[in-house]
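Peer 1: Just data.cif, nothing more (mmCIF, C-alpha atoms and all ligand atoms):
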data_final
#
loop_
_atom_site.label_atom_id
_atom_site.label_comp_id
_atom_site.auth_asym_id
_atom_site.auth_seq_id
_atom_site.Cartn_x
_atom_site.Cartn_y
_atom_site.Cartn_z
CA MET Z 15 249.90 -62.13 -21.31
CA ARG Z 16 251.14 -58.94 -19.72
CA PHE Z 17 252.57 -57.82 -23.03
CA SER Z 18 249.28 -58.24 -24.91
CA LEU Z 19 247.34 -56.45 -22.18
CA LEU Z 20 249.72 -53.52 -22.40
CA PHE Z 21 249.37 -53.59 -26.17
CA LEU Z 22 245.60 -53.52 -25.90
CA MET Z 23 245.74 -50.58 -23.51
CA LEU Z 24 247.99 -48.65 -25.85
CA ALA Z 25 245.83 -49.47 -28.83
CA SER Z 26 242.69 -48.24 -27.09
CA ALA Z 27 244.46 -45.08 -25.94
CA ASP Z 28 245.35 -44.47 -29.58
CA ALA Z 29 241.81 -45.06 -30.67
CA GLN Z 30 240.56 -42.51 -28.16
CA ASP Z 31 242.81 -39.94 -29.72
CA ILE Z 32 240.87 -40.07 -32.96
CA ARG Z 33 238.23 -37.35 -32.85
CA ARG Z 34 235.59 -36.22 -35.26
CA LEU Z 35 235.49 -32.69 -36.62
CA THR Z 36 232.88 -31.55 -39.12
CA ILE Z 37 233.25 -28.29 -40.99
CA LEU Z 38 230.12 -26.85 -42.56
CA HIS Z 39 231.06 -24.14 -44.99
CA SER Z 40 229.75 -21.61 -47.49
CA ASN Z 41 231.23 -18.70 -49.41
CA ASP Z 42 230.35 -15.97 -51.90
CA LEU Z 43 226.74 -15.79 -50.71
CA HIS Z 44 226.79 -12.39 -52.42
CA ALA Z 45 223.62 -10.97 -50.93
CA ARG Z 46 221.42 -13.41 -52.85
CA LEU Z 47 218.73 -13.28 -50.21
CA THR Z 48 216.14 -15.09 -52.31
CA PRO Z 49 216.42 -18.22 -54.52
CA ASP Z 50 217.84 -17.90 -58.04
CA THR Z 51 216.13 -18.63 -61.38
CA ASN Z 52 216.84 -22.34 -60.82
CA GLU Z 53 215.12 -22.27 -57.38
CA ARG Z 54 218.45 -22.69 -55.60
CA GLY Z 55 219.90 -20.73 -52.70
CA GLY Z 56 218.28 -18.05 -50.55
CA PHE Z 57 219.34 -17.16 -47.02
CA ALA Z 58 216.22 -18.56 -45.33
CA TYR Z 59 216.65 -21.92 -47.05
CA LEU Z 60 220.36 -22.06 -46.31
CA ALA Z 61 219.57 -21.26 -42.67
CA THR Z 62 217.25 -24.28 -42.46
CA LEU Z 63 219.98 -26.60 -43.70
CA VAL Z 64 222.68 -25.10 -41.48
CA ARG Z 65 220.43 -25.50 -38.44
CA ARG Z 66 219.51 -29.05 -39.41
CA GLU Z 67 223.16 -30.06 -39.82
CA ARG Z 68 224.23 -28.42 -36.57
CA ALA Z 69 221.39 -29.73 -34.42
CA GLY Z 70 222.94 -31.86 -31.69
CA CYS Z 71 226.33 -31.81 -33.41
CA ASP Z 72 229.06 -31.26 -30.82
CA HIS Z 73 231.82 -31.61 -33.40
CA CYS Z 74 230.55 -29.08 -35.96
CA LEU Z 75 231.95 -25.71 -36.99
CA TYR Z 76 230.38 -23.41 -39.58
CA LEU Z 77 232.79 -21.28 -41.61
CA ASN Z 78 232.04 -18.66 -44.26
CA ALA Z 79 234.78 -17.74 -46.73
CA GLY Z 80 233.99 -14.13 -47.66
CA ASP Z 81 232.02 -12.10 -50.22
CA LEU Z 82 228.86 -12.03 -48.15
CA VAL Z 83 227.69 -8.81 -49.84
CA GLN Z 84 227.21 -7.41 -53.36
CA GLY Z 85 224.90 -9.14 -55.79
CA SER Z 86 221.34 -7.92 -55.26
CA PRO Z 87 219.46 -4.62 -55.05
CA VAL Z 88 219.12 -4.82 -51.25
CA SER Z 89 222.89 -4.96 -50.97
CA THR Z 90 223.61 -2.19 -53.45
CA ILE Z 91 220.93 0.22 -52.23
CA PHE Z 92 221.73 -0.23 -48.53
CA ARG Z 93 225.47 -0.68 -49.01
CA GLY Z 94 225.62 -4.25 -47.72
CA GLU Z 95 224.37 -3.55 -44.21
CA PRO Z 96 221.13 -5.59 -44.26
CA VAL Z 97 223.12 -8.54 -45.57
CA TYR Z 98 225.44 -8.41 -42.57
CA LYS Z 99 222.39 -8.19 -40.30
CA ILE Z 100 220.79 -11.23 -41.93
CA GLY Z 101 224.17 -12.97 -42.05
CA ASN Z 102 224.22 -12.84 -38.24
CA MET Z 103 221.16 -15.08 -38.26
CA LEU Z 104 223.17 -17.79 -40.02
CA LYS Z 105 225.48 -17.83 -36.96
CA PHE Z 106 228.80 -18.44 -38.66
CA ASP Z 107 231.45 -19.52 -36.15
CA VAL Z 108 234.15 -17.73 -38.11
CA SER Z 109 234.24 -15.76 -41.36
CA THR Z 110 236.81 -13.98 -43.48
CA ILE Z 111 236.94 -10.91 -45.74
CA GLY Z 112 236.42 -11.22 -49.50
CA ASN Z 113 237.35 -8.72 -52.20
CA HIS Z 114 233.71 -7.62 -52.56
CA GLU Z 115 233.54 -6.69 -48.89
CA PHE Z 116 235.44 -3.59 -50.11
CA ASP Z 117 232.98 -2.67 -52.88
CA TYR Z 118 231.37 0.08 -50.81
CA GLY Z 119 234.74 1.43 -49.71
CA TYR Z 120 237.03 0.30 -46.88
CA VAL Z 121 235.27 2.46 -44.27
CA GLN Z 122 232.12 0.43 -44.90
CA THR Z 123 234.17 -2.80 -44.69
CA LYS Z 124 235.25 -1.72 -41.19
CA LYS Z 125 231.59 -1.22 -40.37
CA PHE Z 126 230.83 -4.79 -41.52
CA LEU Z 127 233.51 -6.07 -39.14
CA ARG Z 128 231.81 -4.23 -36.28
CA MET Z 129 228.36 -5.49 -37.29
CA ALA Z 130 229.38 -9.16 -37.49
CA LYS Z 131 228.50 -11.07 -34.33
CA TYR Z 132 231.22 -13.63 -35.04
CA PRO Z 133 234.97 -13.26 -35.53
CA VAL Z 134 236.05 -12.12 -39.00
CA VAL Z 135 239.68 -13.18 -39.39
CA SER Z 136 242.17 -11.99 -42.00
CA GLY Z 137 245.95 -11.90 -41.76
CA ASN Z 138 247.22 -10.42 -45.02
CA ILE Z 139 245.41 -7.13 -45.54
CA VAL Z 140 247.77 -4.39 -44.35
CA ASP Z 141 248.69 -0.76 -44.94
CA ASP Z 142 252.17 0.46 -45.81
CA SER Z 143 253.22 0.46 -42.18
CA GLY Z 144 252.20 -3.19 -41.89
CA LYS Z 145 249.13 -2.46 -39.74
CA LEU Z 146 246.48 -5.15 -40.06
CA PHE Z 147 243.03 -4.29 -41.42
CA ALA Z 148 241.18 -6.97 -39.42
CA ARG Z 149 241.27 -7.11 -35.66
CA LYS Z 150 242.16 -10.78 -35.68
CA VAL Z 151 244.38 -12.93 -37.88
CA TYR Z 152 243.05 -16.14 -36.35
CA VAL Z 153 240.83 -17.54 -33.65
CA ILE Z 154 241.12 -20.79 -31.72
CA LYS Z 155 237.88 -22.74 -31.25
CA LYS Z 156 237.44 -25.72 -28.93
CA VAL Z 157 235.46 -28.39 -30.75
CA ASN Z 158 234.94 -31.94 -29.46
CA GLY Z 159 238.06 -31.72 -27.31
CA LEU Z 160 240.14 -30.40 -30.20
CA LYS Z 161 241.77 -27.01 -30.35
CA VAL Z 162 241.07 -25.76 -33.84
CA ALA Z 163 242.81 -22.64 -35.17
CA VAL Z 164 241.16 -20.79 -38.06
CA ILE Z 165 243.48 -18.39 -39.89
CA GLY Z 166 241.89 -15.92 -42.33
CA GLY Z 167 243.37 -14.76 -45.62
CA VAL Z 168 242.55 -13.08 -48.90
CA MET Z 169 244.03 -13.50 -52.38
CA SER Z 170 247.53 -12.10 -52.85
CA ASP Z 171 246.33 -9.87 -55.73
CA LEU Z 172 243.39 -8.23 -53.92
CA GLY Z 173 244.09 -4.87 -55.59
CA GLY Z 174 243.34 -6.34 -59.01
CA PHE Z 175 239.69 -6.79 -58.02
CA LEU Z 176 238.95 -3.29 -56.75
CA LYS Z 177 238.85 0.34 -57.59
CA PRO Z 178 241.87 1.92 -55.87
CA LYS Z 179 239.64 4.41 -54.04
CA ASP Z 180 237.62 1.62 -52.41
CA LEU Z 181 240.70 -0.14 -51.07
CA GLY Z 182 242.27 3.13 -49.92
CA PRO Z 183 245.58 2.61 -48.11
CA TRP Z 184 245.18 -1.17 -47.87
CA HIS Z 185 246.74 -3.98 -49.87
CA SER Z 186 247.23 -7.72 -49.55
CA THR Z 187 250.48 -9.61 -48.98
CA PRO Z 188 251.23 -13.14 -50.28
CA VAL Z 189 248.68 -15.38 -48.59
CA LYS Z 190 250.79 -18.55 -48.49
CA ASP Z 191 253.63 -16.83 -46.62
CA MET Z 192 251.18 -15.35 -44.13
CA ALA Z 193 249.52 -18.75 -43.59
CA ALA Z 194 252.92 -20.44 -43.11
CA ARG Z 195 254.03 -17.82 -40.59
CA TYR Z 196 250.96 -18.04 -38.35
CA ALA Z 197 250.61 -21.82 -38.72
CA LYS Z 198 254.16 -22.22 -37.45
CA GLU Z 199 253.38 -19.99 -34.48
CA LEU Z 200 250.23 -22.00 -33.70
CA ARG Z 201 251.50 -25.52 -34.32
CA GLY Z 202 252.59 -26.31 -30.77
CA LYS Z 203 249.39 -24.88 -29.27
CA VAL Z 204 246.56 -26.41 -31.30
CA ASP Z 205 245.45 -29.73 -32.77
CA VAL Z 206 244.07 -28.62 -36.14
CA ILE Z 207 244.98 -25.63 -38.32
CA ILE Z 208 242.49 -24.40 -40.91
CA VAL Z 209 243.10 -21.61 -43.40
CA LEU Z 210 239.82 -19.90 -44.23
CA GLY Z 211 240.74 -18.10 -47.43
CA HIS Z 212 238.96 -15.90 -49.91
CA ILE Z 213 241.61 -16.97 -52.37
CA HIS Z 214 242.23 -18.48 -55.79
CA PRO Z 215 242.03 -22.30 -55.88
CA GLU Z 216 245.69 -22.34 -57.00
CA GLU Z 217 246.61 -20.53 -53.80
CA GLY Z 218 244.64 -23.08 -51.75
CA SER Z 219 246.40 -25.90 -53.57
CA SER Z 220 249.83 -24.44 -52.95
CA ILE Z 221 249.08 -24.00 -49.24
CA ILE Z 222 248.15 -27.66 -48.71
CA LYS Z 223 251.07 -28.81 -50.84
CA GLU Z 224 253.74 -26.57 -49.36
CA VAL Z 225 252.68 -25.56 -45.86
CA ALA Z 226 252.94 -28.73 -43.79
CA ASP Z 227 251.53 -27.07 -40.65
CA VAL Z 228 248.16 -26.38 -42.26
CA ASN Z 229 245.70 -29.31 -42.14
CA VAL Z 230 242.76 -27.86 -44.05
CA VAL Z 231 242.07 -25.03 -46.52
CA VAL Z 232 238.47 -23.83 -46.83
CA GLU Z 233 238.19 -21.52 -49.83
CA GLY Z 234 235.89 -18.96 -51.32
CA HIS Z 235 236.03 -16.71 -54.39
CA ALA Z 236 235.76 -19.19 -57.28
CA HIS Z 237 231.98 -19.23 -57.77
CA GLY Z 238 231.97 -22.65 -59.41
CA GLY Z 239 233.61 -24.09 -56.31
CA ARG Z 240 235.76 -27.19 -56.39
CA LYS Z 241 234.35 -30.28 -58.09
CA GLU Z 242 236.21 -32.53 -55.68
CA LEU Z 243 238.24 -32.25 -52.53
CA GLU Z 244 241.97 -31.97 -53.16
CA ALA Z 245 244.31 -33.91 -50.88
CA ALA Z 246 248.07 -33.61 -50.56
CA ASP Z 247 250.06 -35.55 -48.00
CA GLY Z 248 247.16 -35.86 -45.57
CA ARG Z 249 246.08 -32.23 -45.97
CA VAL Z 250 242.92 -31.17 -47.78
CA ALA Z 251 241.42 -28.20 -49.64
CA VAL Z 252 237.72 -27.59 -50.33
CA GLY Z 253 235.66 -24.73 -51.77
CA CYS Z 254 231.89 -24.52 -52.13
CA ALA Z 255 229.94 -23.03 -55.06
CA GLY Z 256 228.88 -19.38 -54.74
CA TYR Z 257 225.43 -17.78 -54.28
CA GLY Z 258 224.43 -20.33 -51.63
CA VAL Z 259 223.34 -22.95 -54.13
CA ASP Z 260 224.95 -25.58 -51.88
CA LEU Z 261 225.92 -25.90 -48.26
CA CYS Z 262 229.15 -27.90 -48.04
CA ARG Z 263 230.14 -30.34 -45.34
CA LEU Z 264 233.62 -31.69 -44.63
CA ASP Z 265 233.69 -34.65 -42.23
CA LEU Z 266 237.11 -35.23 -40.72
CA GLU Z 267 238.69 -37.63 -38.27
CA VAL Z 268 241.67 -36.15 -36.51
CA ASN Z 269 244.46 -37.93 -34.68
CA LYS Z 270 244.79 -35.56 -31.75
CA ARG Z 271 248.18 -36.83 -30.66
CA GLU Z 272 249.79 -36.59 -34.08
CA LYS Z 273 247.76 -33.51 -35.05
CA LYS Z 274 246.99 -35.09 -38.39
CA LEU Z 275 243.89 -35.92 -40.39
CA VAL Z 276 243.05 -39.63 -40.44
CA SER Z 277 240.11 -39.48 -42.84
CA TRP Z 278 238.04 -36.99 -44.81
CA LYS Z 279 234.77 -36.97 -46.68
CA TRP Z 280 233.36 -33.94 -48.49
CA THR Z 281 229.70 -33.57 -49.45
CA LYS Z 282 227.58 -30.86 -51.01
CA ILE Z 283 224.06 -30.38 -49.74
CA PRO Z 284 221.89 -28.63 -52.36
CA VAL Z 285 220.02 -25.60 -51.07
CA ASP Z 286 216.88 -26.49 -52.99
CA SER Z 287 214.07 -24.06 -52.26
CA VAL Z 288 211.50 -26.47 -53.73
CA THR Z 289 212.15 -29.22 -51.18
CA VAL Z 290 213.64 -27.28 -48.23
CA ALA Z 291 211.37 -25.17 -46.03
CA PRO Z 292 212.57 -21.63 -45.35
CA ALA Z 293 213.57 -20.74 -41.78
CA PRO Z 294 210.63 -18.49 -40.76
CA ASP Z 295 212.66 -15.96 -38.76
CA VAL Z 296 215.14 -15.42 -41.59
CA ALA Z 297 212.41 -15.40 -44.24
CA LYS Z 298 210.63 -12.64 -42.32
CA VAL Z 299 213.67 -10.37 -42.26
CA VAL Z 300 214.48 -11.11 -45.91
CA ALA Z 301 210.90 -10.21 -46.88
CA LYS Z 302 211.13 -6.96 -44.91
CA TRP Z 303 214.22 -5.85 -46.82
CA GLU Z 304 212.95 -7.07 -50.17
CA LYS Z 305 209.80 -5.05 -49.61
CA ARG Z 306 211.90 -1.91 -49.23
CA VAL Z 307 213.41 -2.31 -52.69
CA GLU Z 308 210.43 -3.85 -54.47
CA GLU Z 309 208.92 -0.62 -55.68
CA LYS Z 310 212.20 0.51 -57.10
CA VAL Z 311 213.30 -2.69 -58.83
CA ASP Z 312 210.31 -4.91 -59.54
CA ARG Z 313 209.28 -2.87 -62.53
CA GLU Z 314 208.90 -4.57 -65.86
CA ILE Z 315 211.14 -3.01 -68.50
CA GLY Z 316 211.14 -5.53 -71.34
CA GLU Z 317 211.08 -9.12 -72.41
CA ALA Z 318 213.78 -11.72 -73.16
CA ARG Z 319 212.79 -14.08 -75.95
CA ARG Z 320 215.35 -16.64 -74.81
CA ASP Z 321 217.66 -17.48 -71.90
CA LEU Z 322 220.78 -15.35 -72.05
CA GLU Z 323 223.87 -16.74 -70.35
CA LYS Z 324 226.66 -14.56 -68.96
CA ARG Z 325 228.72 -15.10 -72.13
CA ASP Z 326 225.81 -13.66 -74.18
CA LEU Z 327 225.38 -10.71 -71.85
CA THR Z 328 229.00 -9.49 -72.01
CA PRO Z 329 228.83 -8.42 -75.71
CA MET Z 330 225.25 -7.24 -75.18
CA ILE Z 331 226.38 -4.81 -72.47
CA GLU Z 332 229.12 -3.51 -74.78
CA LYS Z 333 226.55 -2.96 -77.53
CA ALA Z 334 224.16 -1.27 -75.11
CA THR Z 335 226.94 1.05 -73.96
CA MET Z 336 227.89 2.03 -77.51
CA GLU Z 337 224.29 2.69 -78.49
CA GLU Z 338 223.19 4.44 -75.30
CA MET Z 339 226.30 6.57 -74.86
CA LYS Z 340 226.87 7.09 -78.59
CA VAL Z 341 230.51 6.05 -78.42
CA ASP Z 342 232.59 4.11 -80.93
CA PHE Z 343 233.93 1.49 -78.55
CA SER Z 344 233.26 -0.04 -75.17
CA TYR Z 345 234.58 -2.99 -73.23
CA MET Z 346 232.87 -5.11 -70.60
CA ASN Z 347 234.81 -7.43 -68.31
CA ALA Z 348 233.25 -10.89 -68.20
CA GLY Z 349 233.81 -11.01 -64.41
CA GLY Z 350 231.55 -7.98 -64.01
CA VAL Z 351 228.52 -9.88 -65.35
CA ARG Z 352 227.04 -11.43 -62.20
CA ASP Z 353 223.93 -13.24 -63.35
CA ARG Z 354 222.21 -14.77 -66.34
CA LEU Z 355 218.95 -13.46 -67.78
CA ALA Z 356 216.12 -15.96 -67.91
CA LYS Z 357 213.61 -16.03 -70.78
CA GLY Z 358 210.47 -14.02 -70.03
CA LYS Z 359 209.63 -10.69 -68.46
CA ILE Z 360 212.63 -8.52 -67.66
CA LEU Z 361 212.35 -6.67 -64.37
CA GLU Z 362 214.72 -3.91 -63.37
CA ARG Z 363 215.75 -6.29 -60.56
CA HIS Z 364 217.22 -8.70 -63.11
CA ILE Z 365 219.53 -6.00 -64.41
CA TRP Z 366 220.54 -5.18 -60.80
CA ASN Z 367 221.45 -8.83 -60.32
CA ILE Z 368 223.50 -8.78 -63.54
CA ILE Z 369 225.26 -5.52 -62.60
CA PRO Z 370 224.97 -5.02 -58.82
CA PHE Z 371 227.94 -2.66 -58.73
CA ASP Z 372 227.55 1.09 -58.49
CA ASN Z 373 230.14 1.51 -61.23
CA VAL Z 374 229.94 4.83 -63.06
CA MET Z 375 230.86 5.31 -66.67
CA MET Z 376 234.00 7.05 -67.88
CA THR Z 377 234.82 8.12 -71.41
CA ALA Z 378 238.01 8.90 -73.31
CA LYS Z 379 239.11 9.97 -76.75
CA ILE Z 380 241.66 7.65 -78.27
CA LYS Z 381 243.52 7.40 -81.59
CA GLY Z 382 242.75 4.32 -83.69
CA ALA Z 383 246.37 3.15 -83.54
CA ALA Z 384 246.20 3.06 -79.74
CA ILE Z 385 243.12 0.86 -79.50
CA SER Z 386 244.11 -2.65 -78.45
CA ASP Z 387 242.77 -5.85 -80.01
CA ALA Z 388 240.88 -6.62 -76.82
CA ILE Z 389 238.76 -3.52 -77.38
CA ARG Z 390 238.62 -3.56 -81.20
CA LYS Z 391 237.56 -7.22 -81.39
CA GLY Z 392 238.48 -7.44 -85.06
CA ARG Z 393 236.88 -4.12 -86.07
CA ALA Z 394 238.97 -2.05 -88.49
CA VAL Z 395 240.14 1.40 -87.40
CA GLU Z 396 241.95 4.25 -89.08
CA PRO Z 397 245.19 4.72 -87.14
CA ASP Z 398 245.08 8.55 -87.07
CA LYS Z 399 241.37 8.99 -86.51
CA GLU Z 400 240.11 9.82 -83.03
CA TYR Z 401 237.52 7.49 -81.53
CA THR Z 402 235.44 7.60 -78.38
CA LEU Z 403 235.59 4.85 -75.77
CA ALA Z 404 233.39 4.24 -72.71
CA LEU Z 405 234.32 2.01 -69.76
CA SER Z 406 233.13 1.56 -66.21
CA ASP Z 407 235.30 3.26 -63.59
CA PHE Z 408 236.15 -0.20 -62.28
CA LEU Z 409 238.12 -0.80 -65.49
CA ALA Z 410 239.23 2.77 -66.14
CA THR Z 411 240.75 3.31 -62.68
CA ASN Z 412 242.24 -0.10 -61.97
CA PRO Z 413 245.93 -0.39 -62.95
CA ALA Z 414 245.59 -4.12 -63.67
CA SER Z 415 242.80 -3.65 -66.22
CA ILE Z 416 244.40 -0.52 -67.73
CA LYS Z 417 247.46 -2.64 -68.40
CA GLN Z 418 245.43 -5.56 -69.74
CA LEU Z 419 243.49 -3.30 -72.13
CA GLY Z 420 246.59 -1.39 -73.25
CA LEU Z 421 245.23 1.96 -72.03
CA ALA Z 422 248.25 3.33 -70.15
CA GLY Z 423 248.30 7.13 -70.31
CA VAL Z 424 244.74 7.47 -71.68
CA LYS Z 425 242.81 10.22 -69.85
CA PHE Z 426 239.28 9.28 -68.80
CA ALA Z 427 236.54 11.65 -67.68
CA GLU Z 428 233.69 10.57 -65.41
CA VAL Z 429 230.13 10.64 -66.72
CA ASP Z 430 227.22 10.97 -64.30
CA LEU Z 431 225.75 7.60 -65.26
CA TYR Z 432 225.85 4.12 -63.76
CA LEU Z 433 226.74 1.19 -66.01
CA ARG Z 434 223.65 -0.55 -64.66
CA ASP Z 435 221.46 2.35 -65.81
CA VAL Z 436 223.02 2.23 -69.26
CA LEU Z 437 221.71 -1.31 -69.61
CA ILE Z 438 218.34 -0.53 -67.99
CA ASN Z 439 217.76 2.42 -70.33
CA TRP Z 440 218.80 0.38 -73.35
CA VAL Z 441 216.44 -2.49 -72.48
CA LYS Z 442 213.61 -0.03 -71.91
CA LYS Z 443 214.06 1.32 -75.45
CA LYS Z 444 214.55 -2.03 -77.13
CA LYS Z 445 211.72 -3.66 -75.18
CA VAL Z 446 212.42 -7.08 -76.70
CA ILE Z 447 215.75 -8.91 -76.44
CA GLU Z 448 216.01 -11.58 -79.11
ZN ZN Z 501 235.58 -12.91 -54.48
#
As a first step, turn the structure in this file into structure tokens.
Ligand SMILES: [Zn+2]
Peer 2:
Amino acid sequence: MRFSLLFLMLASADAQDIRRLTILHSNDLHARLTPDTNERGGFAYLATLVRRERAGCDHCLYLNAGDLVQGSPVSTIFRGEPVYKIGNMLKFDVSTIGNHEFDYGYVQTKKFLRMAKYPVVSGNIVDDSGKLFARKVYVIKKVNGLKVAVIGGVMSDLGGFLKPKDLGPWHSTPVKDMAARYAKELRGKVDVIIVLGHIHPEEGSSIIKEVADVNVVVEGHAHGGRKELEAADGRVAVGCAGYGVDLCRLDLEVNKREKKLVSWKWTKIPVDSVTVAPAPDVAKVVAKWEKRVEEKVDREIGEARRDLEKRDLTPMIEKATMEEMKVDFSYMNAGGVRDRLAKGKILERHIWNIIPFDNVMMTAKIKGAAISDAIRKGRAVEPDKEYTLALSDFLATNPASIKQLGLAGVKFAEVDLYLRDVLINWVKKKKVIE
């Protein structure tokens, strides 16, 4: 009798140590303040869902995994600042830095960190002396009686995604090593360790597989997001789709004593602007900023006779560059094409969404023999003849792309022309895109 009573007491004590923790998360919102051509996303609609999910939830945390800016005219024209202002209305609990946070230069990134009314954590962006870019590597939040550490990180190859001048003296270190180091330091002090990473999914996978101290990885960067949650040895990784098309929700049960996850369930909540009402306060601020760019970008410049996907737009941008700049060759990186073009009227805004970056053009003269297959794309060249080549400065100044395109040693000169304007001018002349 005494034995079974003791057993019951122990069992119930164990049961009390199981606590719920829900992580709402988003990433790569990319300044898409208004819904996309499929009526998905938009900050005011996302805000409604975040508020609905958090209402009365004492075990909820909302995390945002980087790349808040860059992707719409408001962001480009005002260098990301309105997006950080509106982002504050979403009330993230913790956020991290994405590669695109550096698109307006690292001084502006510092400004974003000051503007954010929530901690922005990142532990592997450093200068040569090892000084950290972010003020905090991690924060510890108390949620439902659990101490939850959130460690921030960015991809180990951050430099490959930026113009060297925008990153300045900063670079990233291997994210898994950083996560392992801080998780070890935190393990005795907290119940749950989350890595909030603007990282490649492979990096997220390797963290949950190899860093036993980390319970959860919440990723950003891959715009498709993960199809399913990945679990390894009781640890999990998730990543939501970009552009705010979904809000993601990870429901966990945590054994507080063992500091381990007991159960997990991951769901995606569509941010459907047809069925979700916009949050009025956010909608008002979005409308104010949209109004300021309207005159500049809501001008009709042509017509698309069909839907053009990103894979159709990449060669089209190369063609536009060759025709507009009267050069023999050009190359467009598929990752630089940020939106599709829907059938119908083409507004200047649509081109801004496709190429939000203020990338300027650069040209070079290059001998036929030195032009790589990636640039030639099967076109014949005479080895000794000199050809002209035009690239964006993103490609022409980044060592990773110079290497990939076989352009080491080629001298480029800057042209006073944005890549975006090349495409705008070309569409204006063509009028109709078949
Ligand atoms: Zn990114």
Peer 1: As a quick test: using all atoms listed in the file, which residues lie no more than 10 Å away from ligand ZN 501 (chain Z)? Give them as an mmCIF file with C-alpha atoms, in the frame of the given file.
Peer 2:
data_model
loop_
_atom_site.group_PDB
_atom_site.id
_atom_site.type_symbol
_atom_site.label_atom_id
_atom_site.label_comp_id
_atom_site.auth_asym_id
_atom_site.auth_seq_id
_atom_site.Cartn_x
_atom_site.Cartn_y
_atom_site.Cartn_z
ATOM 1 C CA ASN Z 41 231.230 -18.700 -49.410
ATOM 2 C CA ASP Z 42 230.350 -15.970 -51.900
ATOM 3 C CA HIS Z 44 226.790 -12.390 -52.420
ATOM 4 C CA ALA Z 79 234.780 -17.740 -46.730
ATOM 5 C CA GLY Z 80 233.990 -14.130 -47.660
ATOM 6 C CA ASP Z 81 232.020 -12.100 -50.220
ATOM 7 C CA LEU Z 82 228.860 -12.030 -48.150
ATOM 8 C CA ILE Z 111 236.940 -10.910 -45.740
ATOM 9 C CA GLY Z 112 236.420 -11.220 -49.500
ATOM 10 C CA ASN Z 113 237.350 -8.720 -52.200
ATOM 11 C CA HIS Z 114 233.710 -7.620 -52.560
ATOM 12 C CA GLU Z 115 233.540 -6.690 -48.890
ATOM 13 C CA VAL Z 168 242.550 -13.080 -48.900
ATOM 14 C CA MET Z 169 244.030 -13.500 -52.380
ATOM 15 C CA LEU Z 172 243.390 -8.230 -53.920
ATOM 16 C CA PHE Z 175 239.690 -6.790 -58.020
ATOM 17 C CA HIS Z 212 238.960 -15.900 -49.910
ATOM 18 C CA ILE Z 213 241.610 -16.970 -52.370
ATOM 19 C CA HIS Z 214 242.230 -18.480 -55.790
ATOM 20 C CA GLY Z 234 235.890 -18.960 -51.320
ATOM 21 C CA HIS Z 235 236.030 -16.710 -54.390
ATOM 22 C CA ALA Z 236 235.760 -19.190 -57.280
ATOM 23 C CA HIS Z 237 231.980 -19.230 -57.770
ATOM 24 C CA GLY Z 256 228.880 -19.380 -54.740
#
Peer 1: Could you tell me how far CA of Ala245 (chain Z) lies from CA of Lys156 (chain Z), in Å and to one decimal?
Peer 2: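 Separating CA of Ala245 (chain Z) from CA of Lys156 (chain Z) is a distance of 24.4 Å.
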Peer 1: Neighbouring residues of Asp286 (chain Z) were defined as those with any atom within 12 Å, considering only C-alpha atoms; residues of the same chain fewer than 3 positions away were excluded. Please report them as a ChimeraX atom specification.
Peer 2: /Z:48-63,258-261,282-283,289-292
Peer 1: Neighbouring residues of region 138-152 of chain Z were defined as those with any atom within 12 Å, considering only C-alpha atoms; residues of the same chain fewer than 3 positions away were excluded. Please report them as a VMD selection string.
Peer 2: chain Z and resid 108 to 113 116 120 to 121 123 to 128 132 to 135 155 162 to 173 181 to 197 199 to 200 204 207 to 213
Peer 1: Please provide the set of residues having any atom within 10 Å of region 340-349 of chain Z, restricted to all atoms listed in the file, with same-chain residues fewer than 3 positions apart removed, written as a CSV table (one decimal) with C-alpha atoms, in the frame of the given file.
Peer 2:
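Final output, result-v3.csv:
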chain,number,residue,atom,x,y,z
Z,175,PHE,CA,239.7,-6.8,-58.0
Z,324,LYS,CA,226.7,-14.6,-69.0
Z,325,ARG,CA,228.7,-15.1,-72.1
Z,326,ASP,CA,225.8,-13.7,-74.2
Z,327,LEU,CA,225.4,-10.7,-71.8
Z,328,THR,CA,229.0,-9.5,-72.0
Z,329,PRO,CA,228.8,-8.4,-75.7
Z,330,MET,CA,225.2,-7.2,-75.2
Z,331,ILE,CA,226.4,-4.8,-72.5
Z,332,GLU,CA,229.1,-3.5,-74.8
Z,333,LYS,CA,226.6,-3.0,-77.5
Z,334,ALA,CA,224.2,-1.3,-75.1
Z,335,THR,CA,226.9,1.0,-74.0
Z,336,MET,CA,227.9,2.0,-77.5
Z,337,GLU,CA,224.3,2.7,-78.5
Z,352,ARG,CA,227.0,-11.4,-62.2
Z,377,THR,CA,234.8,8.1,-71.4
Z,378,ALA,CA,238.0,8.9,-73.3
Z,379,LYS,CA,239.1,10.0,-76.8
Z,380,ILE,CA,241.7,7.6,-78.3
Z,385,ILE,CA,243.1,0.9,-79.5
Z,388,ALA,CA,240.9,-6.6,-76.8
Z,389,ILE,CA,238.8,-3.5,-77.4
Z,390,ARG,CA,238.6,-3.6,-81.2
Z,391,LYS,CA,237.6,-7.2,-81.4
Z,393,ARG,CA,236.9,-4.1,-86.1
Z,400,GLU,CA,240.1,9.8,-83.0
Z,401,TYR,CA,237.5,7.5,-81.5
Z,402,THR,CA,235.4,7.6,-78.4
Z,403,LEU,CA,235.6,4.8,-75.8
Z,404,ALA,CA,233.4,4.2,-72.7
Z,405,LEU,CA,234.3,2.0,-69.8
Z,406,SER,CA,233.1,1.6,-66.2
Z,408,PHE,CA,236.2,-0.2,-62.3
Z,409,LEU,CA,238.1,-0.8,-65.5
Z,415,SER,CA,242.8,-3.6,-66.2
Z,419,LEU,CA,243.5,-3.3,-72.1
Z,433,LEU,CA,226.7,1.2,-66.0
